[in-house]
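Undergrad: Below is model_22.tsv; it holds TSV, C-alpha atoms.
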```tsv
chain	number	residue	atom	x	y	z
A	1	MET	CA	0.00	0.00	0.00
A	2	ILE	CA	1.24	3.48	-0.84
A	3	THR	CA	-0.01	6.89	0.20
A	4	LYS	CA	0.76	10.17	-1.55
A	5	SER	CA	-0.32	13.77	-1.01
A	6	MET	CA	-1.45	15.58	-4.16
A	7	SER	CA	-3.19	18.78	-5.23
A	8	VAL	CA	-5.94	19.43	-7.74
A	9	ASN	CA	-4.36	21.62	-10.44
A	10	ILE	CA	-7.16	21.28	-13.00
A	11	PRO	CA	-8.47	24.83	-13.69
A	12	GLU	CA	-12.12	23.92	-13.07
A	13	GLY	CA	-11.29	21.66	-10.11
A	14	LEU	CA	-12.95	18.28	-9.93
A	15	ASP	CA	-16.26	19.13	-11.58
A	16	PRO	CA	-18.56	16.39	-12.99
A	17	SER	CA	-16.69	16.01	-16.29
A	18	SER	CA	-13.25	15.92	-14.69
A	19	ILE	CA	-14.53	13.48	-12.05
A	20	ALA	CA	-15.75	11.20	-14.85
A	21	MET	CA	-12.27	11.25	-16.41
A	22	PHE	CA	-10.65	10.72	-12.99
A	23	ILE	CA	-12.81	7.62	-12.45
A	24	GLN	CA	-11.97	6.29	-15.92
A	25	ILE	CA	-8.28	6.61	-15.09
A	26	ALA	CA	-8.62	4.99	-11.65
A	27	SER	CA	-10.75	2.18	-13.10
A	28	GLN	CA	-7.97	1.16	-15.50
A	29	TYR	CA	-6.07	-0.25	-12.54
A	30	GLU	CA	-6.67	-3.40	-10.55
A	31	SER	CA	-5.51	-1.81	-7.28
A	32	ARG	CA	-7.93	-0.52	-4.69
A	33	ILE	CA	-7.67	3.29	-4.86
A	34	TYR	CA	-9.04	5.79	-2.36
A	35	VAL	CA	-9.12	9.57	-2.07
A	36	GLU	CA	-8.90	11.04	1.41
A	37	VAL	CA	-9.74	14.65	2.26
A	38	GLU	CA	-9.49	15.60	5.91
A	39	LYS	CA	-11.10	12.58	7.61
A	40	LYS	CA	-13.31	11.53	4.71
A	41	ARG	CA	-12.16	8.59	2.54
A	42	VAL	CA	-13.95	7.58	-0.66
A	43	ASN	CA	-13.40	4.97	-3.33
A	44	ALA	CA	-11.71	6.70	-6.30
A	45	LYS	CA	-13.76	4.50	-8.66
A	46	SER	CA	-17.12	5.67	-7.24
A	47	ILE	CA	-18.91	8.55	-8.96
A	48	MET	CA	-21.06	9.31	-5.91
A	49	GLY	CA	-18.10	9.18	-3.54
A	50	MET	CA	-15.99	11.47	-5.70
A	51	MET	CA	-18.87	13.93	-6.24
A	52	SER	CA	-19.34	14.17	-2.46
A	53	LEU	CA	-15.84	15.62	-2.02
A	54	GLY	CA	-16.40	18.87	-3.96
A	55	LEU	CA	-12.74	19.60	-4.73
A	56	PRO	CA	-11.98	22.99	-6.34
A	57	GLN	CA	-8.64	23.88	-7.95
A	58	GLY	CA	-5.86	24.03	-5.37
A	59	SER	CA	-7.46	21.49	-3.04
A	60	GLY	CA	-5.14	19.10	-1.28
A	61	LEU	CA	-5.91	15.40	-0.98
A	62	THR	CA	-4.26	12.14	-0.11
A	63	MET	CA	-4.31	9.25	-2.56
A	64	ILE	CA	-4.10	5.70	-1.23
A	65	ALA	CA	-3.53	2.73	-3.53
A	66	ASP	CA	-3.15	-0.93	-2.66
A	67	GLY	CA	-2.46	-3.62	-5.23
A	68	LYS	CA	-0.04	-4.92	-7.80
A	69	ASP	CA	-0.25	-1.81	-10.03
A	70	GLU	CA	-0.50	0.78	-7.24
A	71	ASP	CA	2.59	2.73	-8.34
A	72	LYS	CA	1.41	3.10	-11.94
A	73	ALA	CA	-2.07	4.08	-10.79
A	74	LEU	CA	-0.87	6.93	-8.60
A	75	VAL	CA	1.58	8.21	-11.23
A	76	HIS	CA	-1.25	8.34	-13.80
A	77	ILE	CA	-3.68	10.00	-11.38
A	78	GLU	CA	-1.10	12.57	-10.32
A	79	LYS	CA	-0.41	13.49	-13.96
A	80	TYR	CA	-4.14	13.99	-14.48
A	81	LEU	CA	-4.55	16.12	-11.32
A	82	ASN	CA	-1.57	18.23	-12.43
A	83	ASN	CA	-3.31	18.85	-15.77
A	84	GLU	CA	-0.54	17.03	-17.67
A	85	GLN	CA	-2.83	14.87	-19.79
```
What would the structure in this file look like if it were written as structure tokens?
TA:
Amino acid sequence: MITKSMSVNIPEGLDPSSIAMFIQIASQYESRIYVEVEKKRVNAKSIMGMMSLGLPQGSGLTMIADGKDEDKALVHIEKYLNNEQ
């Protein structure tokens, strides 16, 4: 299991369309992936969970991944959150 702090650097933050893309990216990986903000942890592959976070640009979060492709998953997610896609 790995944990990494990240920031949302997408200009519109995690709005519905960027959440949909985030979930598509997370769902490509077999690992269990979670997003944690303050004391709230949600499944990164859940549309309802991700929508409940309401993360604008500049928000900090912690990503948690556990599984055989955890490293690749977090690298890909971090690139997306940094608007490098």
Undergrad: With all atoms listed in the file as the basis for distance, which of A:Lys39, A:Ser59, A:Arg32, A:Glu70 is at the shortest distance from Ile2 of chain A?
TA: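 Checking each candidate against Ile2 of chain A, we get A:Glu70 as the closest.
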Undergrad: With all atoms listed in the file as the atoms that count, which of A:Ser46, A:Gln28, A:Ser52, A:Asn82 lies nearest to Asn9 of chain A?
TA: A:Asn82
Undergrad: Kindly give the distance, in Å, that separates atom CA of Ile33 of chain A and atom CA of Asp66 of chain A, rounded to a single decimal.
TA: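 Pair atom CA of Ile33 of chain A / atom CA of Asp66 of chain A returns 6.6 Å.
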Undergrad: Excluding Leu74 of chain A and its own-chain neighbours fewer than 2 positions away, which residues fall within 9 Å of it when counting all atoms listed in the file? Please give them as a PyMOL selection string.
TA: chain A and resi 2-4+26+33+63-65+69-72+76-79
Undergrad: Dump as a compact mmCIF listing (two decimals) with C-alpha atoms, keeping the file's coordinate frame all residues having an atom at most 9 Å from (-11.2, 13.4, -5.2), computed in the file's coordinates with all atoms listed in the file.
TA:
```txt
# COMPACT_ATOMS: atom_id res chain seq x y z
CA VAL A 8 -5.94 19.43 -7.74
CA LEU A 14 -12.95 18.28 -9.93
CA ILE A 19 -14.53 13.48 -12.05
CA PHE A 22 -10.65 10.72 -12.99
CA TYR A 34 -9.04 5.79 -2.36
CA VAL A 35 -9.12 9.57 -2.07
CA GLU A 36 -8.90 11.04 1.41
CA VAL A 37 -9.74 14.65 2.26
CA VAL A 42 -13.95 7.58 -0.66
CA ASN A 43 -13.40 4.97 -3.33
CA ALA A 44 -11.71 6.70 -6.30
CA GLY A 49 -18.10 9.18 -3.54
CA MET A 50 -15.99 11.47 -5.70
CA MET A 51 -18.87 13.93 -6.24
CA SER A 52 -19.34 14.17 -2.46
CA LEU A 53 -15.84 15.62 -2.02
CA GLY A 54 -16.40 18.87 -3.96
CA LEU A 55 -12.74 19.60 -4.73
CA LEU A 61 -5.91 15.40 -0.98
CA THR A 62 -4.26 12.14 -0.11
CA MET A 63 -4.31 9.25 -2.56
```
Undergrad: Determine the nearest neighbour of Ile23 of chain A from the options A:Glu84, A:Ser5, A:Gly58, A:Met48, counting all atoms listed in the file.
TA: A:Met48
Undergrad: Between A:Ser31, A:Lys45, A:Leu81, A:Ser7, single out the one closest to Lys68 of chain A, counting all atoms listed in the file.
TA: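 Using all atoms listed in the file, the shortest distance to Lys68 of chain A belongs to A:Ser31.
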Undergrad: Work out how far atom CA of Pro56 of chain A is from atom CA of Met1 of chain A, in Å to one decimal.
TA: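 Atom CA of Pro56 of chain A lies at a distance of 26.7 Å from atom CA of Met1 of chain A.
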Undergrad: Quick one: of A:Tyr29, A:Tyr80, A:Ala73, A:Ile47, who's nearest to Pro16 of chain A, counting all atoms listed in the file?
TA: A:Ile47
Undergrad: If I take atom CA of Gly60 of chain A and atom CA of Gln24 of chain A, how far is one from the other in Å, to one decimal?
TA: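 Atom-to-atom, atom CA of Gly60 of chain A and atom CA of Gln24 of chain A are spaced 20.6 Å apart.
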Undergrad: From the options A:Gln57, A:Val75, A:Gly67, A:Arg41, which residue's atoms come nearest to Ile25 of chain A, counting only C-alpha atoms?
TA: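 For Ile25 of chain A, the nearest of the given residues is A:Val75.
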Undergrad: May I have the centre and edge lengths, in Å to one decimal, of an axis-aligned box around the listed atoms of segment 43-59 of chain A with 4 Å added to every side, as AutoDock Vina command-line options?
TA:
```
--center_x -13.5 --center_y 14.3 --center_z -5.5 --size_x 23.2 --size_y 27.5 --size_z 14.9
```
